[in-house]
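A.B. asks: Structure provided below as structure tokens; questions to follow.
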Amino acid sequence: MKNIKFIKIVGLAFVLILSACSLDEVADPNQPNISSVTDNPTEQTLNFLTQGLESKARSGLGGFITATGSIARELYSFNASDPTTTATLIGKDGVTLTGSEPQLTGTLFARYQAVKSADFILDGLEGSPVSDTKKNGYRGVALTYRALMLLDVLNLLGDNGVRIDISDPNNLGPFVSKSDGFTALRSMLDDGFTALQNAEFSFEFSTGFDGFDTPETFAQFNRAVAARVAIHQEDYAAALTLLDDSFLSLDGNDLGIGPKRVYAQGGTELLNPIFKTPQQSGDQFVVHNRFINDIQAGDTRINKFRLRDDPVARDGLNGTHEIDLYESATSPIDHIRNEELILIYAEANIQEGNLMDAESALNIIRNAYGLGDYAGAVDETGLTDEMLYNRSYSLWAEGHAMFDLRRYGRLNATFLPIDRAGDIVHTQFPIPPFEVQ
Amino acid sequence: MKHVLFKKAVLAVFAFLPIWVFAQQTITGKVTDASSGEPLFGVTVLVKGTTTGALTDFDGNFSVEASADATLVFSYIGYSTIEVLASDASTVQMKADVTNLDEVVVTGLATSIKRSNLANNISTISSESLTGTTTGSTLDGALYGKLTGVNINSAGGAPGGQTAMRLRGISSLSGNNQPLFIVDGVYISNVQLTNGSSVASGANAGREEGGSNRVSDINPEDIESIEVLKGASAAAIYGTRANAGVVIITTKRGKAGKTVVKFDQDVGFNTIQNYAGRRQFTSTTVASTFGAAEVPIFEAARDAGRIFNYEEELYGETGLITESRFSISGGNEKTKFYFNASKRDEDGIMKRTGYGRNSLRLNLDHRFNDKLKVGFSSNYVNSTAERGPVGNENNGGFSVGYNLALVTADWEDLFPDENGVYPDGRFAATNIILNRDLIDNEEEINRYIQGANFEYKAITNENFRLKFTANGGLDYFQAKTFVYIPEFQQTQRANQNGFVSAGNTNSLQLNYNAFAVLDFTTNNKISINGQFGISYLNFESDAIINQTTELFPQQTNLAQGNSFAVFQRLTEEEEFGIIAQSTANWDDKIIATAGVRFDKSNLNGDPNKFFAFPRASLAINVANFDFWNVEDVNLLKLRVAYGETGSSARFGSLFTPLGPTSIGGVPGLGLPTVGQNNQSAQLGDANLEPEISQEIEYGIDFSFLNGKIGLELTGYKRDVKNLIYPFSSIPLSSGFANEIRNDFDLSNTGFEIALNANPISNSNINWNTTLNWWKNEAEVESLGVGEFQPSGEGFSLTFGSSFIREGETATSLAANIGGVPTIIGDAAPDFEMSWFNQISLFKDFDLTFLWHWKKGGDVLNLTKLLSDFGGVTPDLDDPDVIANPRFGTFGAAGYIEDGTYVRLREVGLFYTLPTELDWFERVRVGVSGKNLITITDYSSYDPETSAFGPSGLSQGIEVSPFPSAKQVYFHIGFTF
């Protein structure tokens, strides 16, 4: 009988243990969760997101420069860990691009992460308790970055278009055509510009935005980006109008003005991905010889290239110079600078038939780099060649040459040297696999 | 109530004790092998119906207190258990039984069953077959080839192991592919620690750092036996932790009788198994590969005799291994103990690599009385590993293997000058000799594992027994990791300017379970066993990694730099389960079991929702029926078992996290960047439920000629439903790197054959042999969304990757060919086979060897891809290769190789000294080897490889690993 009581007691104990053992739901102990930014974010949260957006907008530059620079024969990337850079990107043995090249996927992923940050801000504004002028501030910044990010995507994918709407990760918007894409970017920038007209900033910028950290001055950056979009869109008249409200200065001393991506040492910071240790082997950007051979005598832009102690000959590719664009791993990289605006101004004027304005703009650049005034034919062909020459040296290894050559029908073996028999020149990337489910 | 009853029980014992003692006498006898006549050492002699017992000594002699009419039960591993009347026990002969039918196998959490009644194929590894042939540094490595259904890959040959163990194929994609390891009832951690070196090497994740997994801390010499529950049908009772199987480890315990003192000393050597080889250059090939300007440099080096072989320079060392073990065990009928102290030191095949383990164990058992007993298992381990700069790379400049292949030229002079200054690597991103000599990559673990168990036999009647058991324990470890790269190293200079990463992980795992166990026997030979219990576990870990860059010259201290980063990763897991199981046994003829476990876990979306994991099994011992009259077949068992297990998501899968991202000191938030704080930009699922594995296993077992030959045939089909996985083929344009999904089904189908035999047994030779054959096919049954590259299981499709596509095997390898993801191989072997032999010659010699044949299984040899791009692969001057360049012609598909191999995994020869020495009871000397012979067409280091550490799929992709080593040992052992 006692045994039965004993069993009953033990049984009761089990029942007690069962009912007492309720497990607690765990909150993420490691980091903030997305719900903190999507559910009526506070001003502080919006500020962190906006500051995070500036940070995100500088990511993914290494792959972008490697991809565009290699395809446009600006440089060879001898990568310490990815040996295919000198094969796939340069079309070795006729190899075609597949869209899974890490330089493309890495760039796209970084751009869309920034776009997602912008969307977090834009989506959160509705329910946020901040003032309307502050909301306009967030909106203007978010839309400007959003367009800047998507422009790189659209340029890399070319005729394959661009995906603009990513608000629902399980139901992403369509890839719109190239021309619809440019139109969407322009209206995104215009909306941002409008918002900035009646805006207040309560967040911080890095020192890279010194001079562009108020709604008025950030709006000039917005217009500069819009002008860049306009020339890709071949809407040259609009480009000239947009430049009016940008920070364009037709003064050779102001070439470097513009907002910058800044880099720093530290755990959540990034280092300048284009800087390579001088004379380092294995991991190096080697200048394509055409830039050494074709440079005009006296052009001080030769200083962007450093003579190597040890010439490079690998994978059938040769080079004598390496990149010398940045002083250190923490040197900033321009988002867009006045030098490019002058070149946009020149290009738009050539296309609009204002050849004299174009020539004088080109001379500002030439003179700044130790060259005399332009002496060639003042006609569309001559000035276009001169404009492209200056773009190629002024913006070398900054992610422009591939698209400039393409815009003018020069991204092909007729205009570019083929270094190894069998190499081909790519013109655009396919949409990566898995983008369209 | 409880106390009163307990006291009465104690009183009752004391009341009867004097009478019981008076009736005793000392029974002595000798136990020998029936066929050879050799005395048997260590046979357990138990007085039937009591807990009194003894062990035989080296001469087979025993003495035990028993009444003259008592029955003695003699049991010994590998022999049939026999019962002899005490009066007839002066000479006892035992017959070998290679089928181990009488062996007791743990199947429930609180119950066990005789092997002959098992409905599952449960492999048991004894200490003899685990470590009897040769020693190895790690437990999991010592298991391969010894049981069916197991596949083991190694992330590299660095001392200390980095082993991925898979039971019956693929169970999961999200990391729980490693079986659950339980040591004496304690759930132990088998995590792979990250050391932060991926921040310097740019490897995609901590998994690629090649750190060891923590089961390596368990000293293989402490193990008495290992039971492996390979699938859900056997492991269902372990619920949501058992999807990948369960490895139940029982450590050695003291036995009543003479105190046994043992000392063993091993000395061995590590050498590389196989080199990938280096290209032999001529002036012509230097010119075509490295340019004409390089030719004079090459020729000057050649003429000066300064052409090196950097592969041999790195991996050509002979590493000394020493291991000492000291144990004392003994006790009396009330209290028994086992103590072991061991020390292992191992140098790797590369300078400045090695492994050390100091282990202390004390196992204590105490019996209060016939009803109550307790047991304790305490183990302290200190282990250290120096793993060298190895692993995958993305930034360049860290991994010696990577930079050897891409690309170090053998005519470079990389050795330091008289001032100790190392020249830069001229082609690679680093000087690999500098990396070897000056980069540190170390880990040190201090670990304490404590188990405790309690058993109270409340009622012990003839027909009804009730007992309560409780056991539990803790596994705590503190791990330190340290990585240092000097500021003057090639890739550090002008970038980070030196790198120190110091990690500190604290991990505490607690678990307990409590059971009531009922045994009920009816008059018509039916016995029914029931168990009901609860199980609880709580795991916590806190991993902090501090990193400093911009170091002051020559400084290795975290504080002596100018830029700091800190990472912290916390996990909290809590689970609770209720278990009920019942077995009905009709006279060992028909044995049926049914059970269910209900589990809840805070890893699920709803932490308090119970999920049910049922099981049922049936075994029919045809040979035990009266109609059976085939004399030579003493066992014919038909069996079928069904069971379900689960696996909850990895911690953190419920969340969609943000991460810090700052710019020039301005703090910001955004989606996490790749690998930041070991957290990817994951789109979590707050409503996750566990993935479910459903397995049906069926088989037929035979034992012929009284156990001289045993044959087990087993088939199974395991469906894993609602697999949880990070879907990494989510569009990049979503901004997320992966999405946690719960909608992928796969199935594993397999077949296993185990043949045991004792073909020769006479006074001169005794030969036991085991032939195992097994195969598994994992197929992707259905996918919720499209096909995908499993997260972290490969690089871009340009280089090839594991790939999940409906209708294909789950172990497929794919590459992007012409823009189309194309299956280029299958990492799973066609089948595996092993042959294990133990031969005793002339009583004094013991020869054992284990051959292992893995047929098929593709390996993606990315080491060769790297060396092809570097131009240093040895066969690049082969006309066939010139005509059909691998990458140019086939892309990544050009690097798929057949991973078939035949390997002499273990071989050992031991000699027991014939003379009786005064000081020693026994002296045994031996020589043994591990992985001495490998026959394979695979062209790189080792076909048994994985670049991705122990979790996930871990298959068939090689990227410049730490090459595998082979070992030769000399042993001497004394028993006092």
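Ordering of the structure tokens sets the chain letters (A, B, ...); residue numbers start at 1 within each chain; ligands are numbered from 1 in the order shown.
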Could you name the residues that touch range 890-901 of chain B at 6 Å or less, counting only C-alpha atoms, but leaving out those on the same chain fewer than 5 positions away, as a PyMOL selection string?
C.D. replies: chain B and resi 799-800+824+853-861+935-936+938+943
A.B. asks: Go ahead and dump the residues you just picked, N, CA and C atoms, as a compact mmCIF listing (two decimals), in the first residue's frame.
C.D. replies:
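Saved file result25.txt follows:
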# COMPACT_ATOMS: atom_id res chain seq x y z
N PHE B 799 33.15 28.89 -59.11
CA PHE B 799 34.11 27.93 -58.59
C PHE B 799 33.47 26.59 -58.26
N GLY B 800 32.15 26.53 -58.36
CA GLY B 800 31.48 25.30 -57.96
C GLY B 800 31.07 25.37 -56.51
N ILE B 824 27.54 19.10 -61.56
CA ILE B 824 28.79 18.56 -62.10
C ILE B 824 29.32 17.39 -61.30
N TRP B 853 37.41 1.17 -47.59
CA TRP B 853 37.29 1.48 -49.02
C TRP B 853 36.09 2.38 -49.20
N LYS B 854 36.35 3.57 -49.70
CA LYS B 854 35.25 4.45 -50.03
C LYS B 854 35.18 4.52 -51.54
N LYS B 855 34.06 4.07 -52.08
CA LYS B 855 33.94 4.00 -53.54
C LYS B 855 33.15 5.22 -54.01
N GLY B 856 33.77 5.99 -54.88
CA GLY B 856 33.08 7.13 -55.46
C GLY B 856 33.01 8.29 -54.50
N GLY B 857 32.18 9.25 -54.85
CA GLY B 857 32.12 10.48 -54.07
C GLY B 857 33.01 11.49 -54.74
N ASP B 858 32.42 12.49 -55.36
CA ASP B 858 33.24 13.46 -56.09
C ASP B 858 33.80 14.52 -55.15
N VAL B 859 34.97 14.97 -55.49
CA VAL B 859 35.61 16.04 -54.74
C VAL B 859 35.92 17.17 -55.71
N LEU B 860 35.58 18.37 -55.31
CA LEU B 860 35.91 19.54 -56.10
C LEU B 860 37.26 20.04 -55.61
N ASN B 861 38.27 19.86 -56.45
CA ASN B 861 39.65 20.13 -56.05
C ASN B 861 40.01 21.58 -56.36
N ILE B 935 45.37 4.35 -51.18
CA ILE B 935 45.43 4.11 -52.63
C ILE B 935 44.31 4.91 -53.25
N THR B 936 44.67 5.90 -54.05
CA THR B 936 43.64 6.74 -54.64
C THR B 936 44.18 7.41 -55.90
N TYR B 938 42.93 10.36 -56.55
CA TYR B 938 42.72 11.78 -56.23
C TYR B 938 44.06 12.50 -56.23
N PRO B 943 41.41 12.85 -50.26
CA PRO B 943 40.02 12.92 -50.75
C PRO B 943 38.99 13.02 -49.62
A.B. asks: If we count only C-alpha atoms and set the cut-off at 12 Å, which residues sit around range 317-319 of chain B, ignoring sequence neighbours fewer than 5 positions away in its own chain? Please answer as JSON, numbers by chain.
C.D. replies: {"B": [158, 159, 267, 268, 269, 270, 271, 272, 273, 311, 312, 345, 346, 347, 348, 349, 350, 351, 352, 353, 354, 355, 963, 965, 966, 967, 968, 969]}
A.B. asks: What are the DSSP alpha helix (DSSP H) residues of range 77-250 of chain A, as a PyMOL selection string?
C.D. replies: chain A and resi 102-125+132-157+178-196+215-232+236-244
A.B. asks: Could you give me, as JSON lines, every chain B residue with an atom at most 7 Å from chain A, plus its closest atom pair and distance in Å to one decimal, counting only C-alpha atoms, rows ordered by chain then number?
C.D. replies:
{"residue": "B:Lys2", "atom": "CA", "partner": "A:Phe6", "partner_atom": "CA", "distance": 6.7}
{"residue": "B:Thr289", "atom": "CA", "partner": "A:Arg314", "partner_atom": "CA", "distance": 6.5}
{"residue": "B:Phe290", "atom": "CA", "partner": "A:Ala313", "partner_atom": "CA", "distance": 5.3}
{"residue": "B:Gly291", "atom": "CA", "partner": "A:Ala313", "partner_atom": "CA", "distance": 5.1}
{"residue": "B:Glu393", "atom": "CA", "partner": "A:Ser81", "partner_atom": "CA", "distance": 5.8}
{"residue": "B:Asn394", "atom": "CA", "partner": "A:Ser81", "partner_atom": "CA", "distance": 5.0}
{"residue": "B:Asn395", "atom": "CA", "partner": "A:Ser81", "partner_atom": "CA", "distance": 6.4}
{"residue": "B:Gly396", "atom": "CA", "partner": "A:Ala80", "partner_atom": "CA", "distance": 4.6}
{"residue": "B:Gly425", "atom": "CA", "partner": "A:Ser281", "partner_atom": "CA", "distance": 6.9}
{"residue": "B:Arg426", "atom": "CA", "partner": "A:Ser281", "partner_atom": "CA", "distance": 5.6}
{"residue": "B:Phe427", "atom": "CA", "partner": "A:Gly282", "partner_atom": "CA", "distance": 5.0}
{"residue": "B:Ala428", "atom": "CA", "partner": "A:Gly282", "partner_atom": "CA", "distance": 4.2}
{"residue": "B:Ala429", "atom": "CA", "partner": "A:Gly282", "partner_atom": "CA", "distance": 4.1}
{"residue": "B:Arg493", "atom": "CA", "partner": "A:Thr277", "partner_atom": "CA", "distance": 7.0}
{"residue": "B:Ala494", "atom": "CA", "partner": "A:Thr277", "partner_atom": "CA", "distance": 5.9}
{"residue": "B:Asn495", "atom": "CA", "partner": "A:Ala329", "partner_atom": "CA", "distance": 5.5}
{"residue": "B:Ser563", "atom": "CA", "partner": "A:Gly266", "partner_atom": "CA", "distance": 5.2}
{"residue": "B:Phe564", "atom": "CA", "partner": "A:Gly266", "partner_atom": "CA", "distance": 5.5}
{"residue": "B:Ala565", "atom": "CA", "partner": "A:Gly267", "partner_atom": "CA", "distance": 4.0}
{"residue": "B:Val566", "atom": "CA", "partner": "A:Gly267", "partner_atom": "CA", "distance": 6.8}
{"residue": "B:Arg569", "atom": "CA", "partner": "A:Asn30", "partner_atom": "CA", "distance": 5.9}
{"residue": "B:Leu570", "atom": "CA", "partner": "A:Asn30", "partner_atom": "CA", "distance": 6.1}
{"residue": "B:Asn602", "atom": "CA", "partner": "A:Glu25", "partner_atom": "CA", "distance": 6.1}
{"residue": "B:Pro607", "atom": "CA", "partner": "A:Leu23", "partner_atom": "CA", "distance": 5.9}
{"residue": "B:Asn608", "atom": "CA", "partner": "A:Leu23", "partner_atom": "CA", "distance": 6.0}
{"residue": "B:Gly652", "atom": "CA", "partner": "A:Asp28", "partner_atom": "CA", "distance": 6.9}
{"residue": "B:Phe655", "atom": "CA", "partner": "A:Asn33", "partner_atom": "CA", "distance": 6.7}
{"residue": "B:Thr656", "atom": "CA", "partner": "A:Ile34", "partner_atom": "CA", "distance": 5.7}
{"residue": "B:Pro657", "atom": "CA", "partner": "A:Asn33", "partner_atom": "CA", "distance": 4.4}
{"residue": "B:Leu658", "atom": "CA", "partner": "A:Pro32", "partner_atom": "CA", "distance": 5.5}
{"residue": "B:Gly659", "atom": "CA", "partner": "A:Gln31", "partner_atom": "CA", "distance": 6.4}
{"residue": "B:Pro660", "atom": "CA", "partner": "A:Thr268", "partner_atom": "CA", "distance": 6.4}
{"residue": "B:Thr661", "atom": "CA", "partner": "A:Thr268", "partner_atom": "CA", "distance": 5.1}
{"residue": "B:Ser662", "atom": "CA", "partner": "A:Glu269", "partner_atom": "CA", "distance": 5.4}
{"residue": "B:Ile663", "atom": "CA", "partner": "A:Ser55", "partner_atom": "CA", "distance": 5.1}
{"residue": "B:Gly664", "atom": "CA", "partner": "A:Ala264", "partner_atom": "CA", "distance": 5.6}
{"residue": "B:Val666", "atom": "CA", "partner": "A:Ser206", "partner_atom": "CA", "distance": 6.0}
{"residue": "B:Pro667", "atom": "CA", "partner": "A:Gln51", "partner_atom": "CA", "distance": 6.5}
{"residue": "B:Gly668", "atom": "CA", "partner": "A:Gly52", "partner_atom": "CA", "distance": 3.7}
{"residue": "B:Leu669", "atom": "CA", "partner": "A:Gly52", "partner_atom": "CA", "distance": 4.6}
{"residue": "B:Gly670", "atom": "CA", "partner": "A:Gly52", "partner_atom": "CA", "distance": 5.5}
{"residue": "B:Leu671", "atom": "CA", "partner": "A:Gln113", "partner_atom": "CA", "distance": 6.6}
{"residue": "B:Ser729", "atom": "CA", "partner": "A:Phe434", "partner_atom": "CA", "distance": 5.8}
{"residue": "B:Ile730", "atom": "CA", "partner": "A:Phe434", "partner_atom": "CA", "distance": 6.8}
{"residue": "B:Pro731", "atom": "CA", "partner": "A:Glu435", "partner_atom": "CA", "distance": 4.4}
{"residue": "B:Leu732", "atom": "CA", "partner": "A:Phe109", "partner_atom": "CA", "distance": 5.2}
{"residue": "B:Ser733", "atom": "CA", "partner": "A:Tyr112", "partner_atom": "CA", "distance": 5.2}
{"residue": "B:Ser734", "atom": "CA", "partner": "A:Pro169", "partner_atom": "CA", "distance": 5.2}
{"residue": "B:Gly735", "atom": "CA", "partner": "A:Gln113", "partner_atom": "CA", "distance": 4.2}
{"residue": "B:Gly786", "atom": "CA", "partner": "A:Gln437", "partner_atom": "CA", "distance": 6.7}
{"residue": "B:Ser796", "atom": "CA", "partner": "A:Ser100", "partner_atom": "CA", "distance": 6.5}
{"residue": "B:Leu797", "atom": "CA", "partner": "A:Ser100", "partner_atom": "CA", "distance": 6.4}
{"residue": "B:Thr798", "atom": "CA", "partner": "A:Ser100", "partner_atom": "CA", "distance": 6.6}
{"residue": "B:Gly818", "atom": "CA", "partner": "A:Thr98", "partner_atom": "CA", "distance": 6.4}
{"residue": "B:Gly819", "atom": "CA", "partner": "A:Thr98", "partner_atom": "CA", "distance": 4.3}
{"residue": "B:Leu866", "atom": "CA", "partner": "A:Pro83", "partner_atom": "CA", "distance": 6.8}
{"residue": "B:Phe869", "atom": "CA", "partner": "A:Pro83", "partner_atom": "CA", "distance": 6.0}
{"residue": "B:Gly888", "atom": "CA", "partner": "A:Asp93", "partner_atom": "CA", "distance": 6.6}
A.B. asks: Write the selection just made, keeping C-alpha atoms, as a PDB file, in the first residue's frame?
C.D. replies:
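The resulting file, selection31.pdb, is shown below:
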ATOM      1  CA  LYS B   2       9.079   9.197   1.357  1.00  0.00           C
ATOM      2  CA  THR B 289      53.939  31.590 -67.275  1.00  0.00           C
ATOM      3  CA  PHE B 290      55.705  34.436 -65.535  1.00  0.00           C
ATOM      4  CA  GLY B 291      57.013  36.491 -68.458  1.00  0.00           C
ATOM      5  CA  GLU B 393      41.160  33.268 -48.001  1.00  0.00           C
ATOM      6  CA  ASN B 394      39.485  36.309 -49.353  1.00  0.00           C
ATOM      7  CA  ASN B 395      41.784  39.137 -48.432  1.00  0.00           C
ATOM      8  CA  GLY B 396      44.976  37.296 -49.161  1.00  0.00           C
ATOM      9  CA  GLY B 425      56.436  37.187 -51.638  1.00  0.00           C
ATOM     10  CA  ARG B 426      56.984  38.265 -55.230  1.00  0.00           C
ATOM     11  CA  PHE B 427      53.790  36.787 -56.643  1.00  0.00           C
ATOM     12  CA  ALA B 428      51.629  35.817 -53.699  1.00  0.00           C
ATOM     13  CA  ALA B 429      50.151  38.311 -51.321  1.00  0.00           C
ATOM     14  CA  ARG B 493      51.696  46.821 -44.042  1.00  0.00           C
ATOM     15  CA  ALA B 494      49.933  50.077 -44.914  1.00  0.00           C
ATOM     16  CA  ASN B 495      46.555  48.438 -44.411  1.00  0.00           C
ATOM     17  CA  SER B 563      42.030  50.571 -33.661  1.00  0.00           C
ATOM     18  CA  PHE B 564      39.721  48.248 -31.810  1.00  0.00           C
ATOM     19  CA  ALA B 565      36.791  46.057 -32.570  1.00  0.00           C
ATOM     20  CA  VAL B 566      34.714  43.814 -30.391  1.00  0.00           C
ATOM     21  CA  ARG B 569      27.675  36.370 -29.659  1.00  0.00           C
ATOM     22  CA  LEU B 570      25.301  35.052 -27.016  1.00  0.00           C
ATOM     23  CA  ASN B 602      12.721  28.180 -27.067  1.00  0.00           C
ATOM     24  CA  PRO B 607       8.451  28.095 -27.051  1.00  0.00           C
ATOM     25  CA  ASN B 608       5.679  26.381 -25.157  1.00  0.00           C
ATOM     26  CA  GLY B 652      18.843  33.179 -33.780  1.00  0.00           C
ATOM     27  CA  PHE B 655      15.159  36.972 -35.754  1.00  0.00           C
ATOM     28  CA  THR B 656      15.731  39.472 -38.540  1.00  0.00           C
ATOM     29  CA  PRO B 657      18.704  41.369 -37.188  1.00  0.00           C
ATOM     30  CA  LEU B 658      20.282  44.703 -37.876  1.00  0.00           C
ATOM     31  CA  GLY B 659      23.915  45.432 -37.301  1.00  0.00           C
ATOM     32  CA  PRO B 660      26.149  48.366 -36.542  1.00  0.00           C
ATOM     33  CA  THR B 661      27.812  50.141 -39.419  1.00  0.00           C
ATOM     34  CA  SER B 662      29.768  53.284 -38.790  1.00  0.00           C
ATOM     35  CA  ILE B 663      31.435  55.736 -41.102  1.00  0.00           C
ATOM     36  CA  GLY B 664      34.323  57.861 -39.990  1.00  0.00           C
ATOM     37  CA  VAL B 666      29.582  58.342 -37.041  1.00  0.00           C
ATOM     38  CA  PRO B 667      27.527  55.400 -35.772  1.00  0.00           C
ATOM     39  CA  GLY B 668      24.791  53.908 -37.874  1.00  0.00           C
ATOM     40  CA  LEU B 669      22.515  50.929 -38.208  1.00  0.00           C
ATOM     41  CA  GLY B 670      21.710  48.827 -41.225  1.00  0.00           C
ATOM     42  CA  LEU B 671      21.375  45.268 -42.377  1.00  0.00           C
ATOM     43  CA  SER B 729      19.389  32.047 -53.290  1.00  0.00           C
ATOM     44  CA  ILE B 730      16.979  34.718 -52.149  1.00  0.00           C
ATOM     45  CA  PRO B 731      17.423  37.525 -54.686  1.00  0.00           C
ATOM     46  CA  LEU B 732      20.392  39.734 -53.881  1.00  0.00           C
ATOM     47  CA  SER B 733      18.168  42.679 -54.625  1.00  0.00           C
ATOM     48  CA  SER B 734      16.122  41.983 -51.508  1.00  0.00           C
ATOM     49  CA  GLY B 735      19.062  43.260 -49.473  1.00  0.00           C
ATOM     50  CA  GLY B 786      13.623  27.424 -56.209  1.00  0.00           C
ATOM     51  CA  SER B 796      30.251  31.376 -56.169  1.00  0.00           C
ATOM     52  CA  LEU B 797      28.971  29.022 -58.820  1.00  0.00           C
ATOM     53  CA  THR B 798      31.984  30.130 -60.860  1.00  0.00           C
ATOM     54  CA  GLY B 818      27.164  29.114 -69.746  1.00  0.00           C
ATOM     55  CA  GLY B 819      24.942  30.976 -67.313  1.00  0.00           C
ATOM     56  CA  LEU B 866      44.265  27.873 -57.482  1.00  0.00           C
ATOM     57  CA  PHE B 869      45.766  29.972 -62.011  1.00  0.00           C
ATOM     58  CA  GLY B 888      39.321  27.310 -69.819  1.00  0.00           C
TER      59      GLY B 888
END
A.B. asks: If we count only C-alpha atoms, what is near Ile700 in chain B at a cut-off of 6 Å, once residues fewer than 4 positions away on the same chain are taken out, given as a PyMOL selection string?
C.D. replies: chain B and resi 637-638+713
A.B. asks: Nearest to Ala89 in chain B: which of B:Gly973, B:Gly29, B:Pro614, B:Gly145 is it, counting only C-alpha atoms?
C.D. replies: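 Comparing B:Gly973, B:Gly29, B:Pro614, B:Gly145 against Ala89 in chain B, the winner is B:Gly29.
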A.B. asks: Please provide the set of residues having any atom within 12 Å of Arg407 in chain A, restricted to only C-alpha atoms, with same-chain residues fewer than 2 positions apart removed, written as a list of chain:residue names.
C.D. replies: A:Asn155, A:Gly158, A:Asp159, A:Ile231, A:His232, A:Gln233, A:Glu234, A:Glu347, A:Thr384, A:Leu388, A:His400, A:Ala401, A:Met402, A:Phe403, A:Asp404, A:Leu405, A:Gly409, A:Arg410, A:Leu411, A:Asn412, A:Thr427, A:Gln428
A.B. asks: Grab the residues selected above and save them as a short mmCIF file (atom, residue, chain, number, x, y, z; two decimals), in the first residue's frame with C-alpha atoms.
C.D. replies:
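Output saved as again29.cif:
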data_model
loop_
_atom_site.label_atom_id
_atom_site.label_comp_id
_atom_site.auth_asym_id
_atom_site.auth_seq_id
_atom_site.Cartn_x
_atom_site.Cartn_y
_atom_site.Cartn_z
CA ASN A 155 24.72 50.62 -65.51
CA GLY A 158 22.67 47.71 -69.06
CA ASP A 159 19.87 46.57 -71.31
CA ILE A 231 23.87 61.98 -69.41
CA HIS A 232 23.54 58.20 -69.08
CA GLN A 233 19.93 58.74 -70.16
CA GLU A 234 21.21 60.92 -73.02
CA GLU A 347 29.62 66.54 -72.74
CA THR A 384 33.86 64.04 -78.09
CA LEU A 388 36.33 60.95 -73.52
CA HIS A 400 33.01 55.26 -65.28
CA ALA A 401 35.05 54.07 -68.24
CA MET A 402 33.02 50.95 -68.99
CA PHE A 403 29.81 52.95 -69.30
CA ASP A 404 31.42 55.91 -71.09
CA LEU A 405 32.85 53.59 -73.73
CA GLY A 409 29.83 52.54 -78.94
CA ARG A 410 33.47 51.99 -78.04
CA LEU A 411 33.23 49.10 -75.63
CA ASN A 412 34.48 46.60 -78.19
CA THR A 427 29.52 45.00 -72.53
CA GLN A 428 27.14 44.31 -69.68
#
A.B. asks: Choose the residue, out of A:Ser202, A:Thr144, A:Gln197, A:Asn40, that has the smallest atom-to-atom separation from Leu125 in chain A; count only C-alpha atoms.
C.D. replies: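 Looking at the shortest contact to Leu125 in chain A, the residue is A:Asn40.
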A.B. asks: Which residues are near Val720 in chain B? Cut-off 7 Å, only C-alpha atoms, ignore same chain within fewer than 5 positions. Put them as a list in words.
C.D. replies: Ser171, Ile692, Ser693, Gln694, Asp745, Leu746 and Ser747 of chain B
A.B. asks: Can you work out the spacing between CA of Ala358 in chain A and CA of Asp294 in chain A in Å, to one decimal?
C.D. replies: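 Rounded to one decimal, the two atoms are 22.3 Å apart.
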A.B. asks: Identify, on the basis of only C-alpha atoms, every residue whose closest approach to Ile307 in chain B does not exceed 9 Å; exclude the query and any residue fewer than 2 positions from it along the same chain; express the result as a list in words.
C.D. replies: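 Once the adjacent positions are removed, what remains is Phe298, Ala301, Arg302, Asp303, Ala304, Gly305, Asn309, Ala409, Asp410, Trp411, Glu412 and Asp413 of chain B.
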A.B. asks: Identify all residues of range 121-339 of chain A in strand (DSSP E) (DSSP on the backbone) and supply them as a count of residues only.
C.D. replies: 29
A.B. asks: For CA of Arg357 in chain B and CA of Ala385 in chain B, determine how far apart the two atoms are, in Å to one decimal place.
C.D. replies: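 About the pair CA of Arg357 in chain B and CA of Ala385 in chain B: they are 8.8 Å apart.
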A.B. asks: Could you tell me which of A:Leu355, A:Leu395, A:Ala142, A:Leu243 comes closest to Asp123 in chain A if we count only C-alpha atoms?
C.D. replies: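 Closest residue, counting only C-alpha atoms: A:Ala142.
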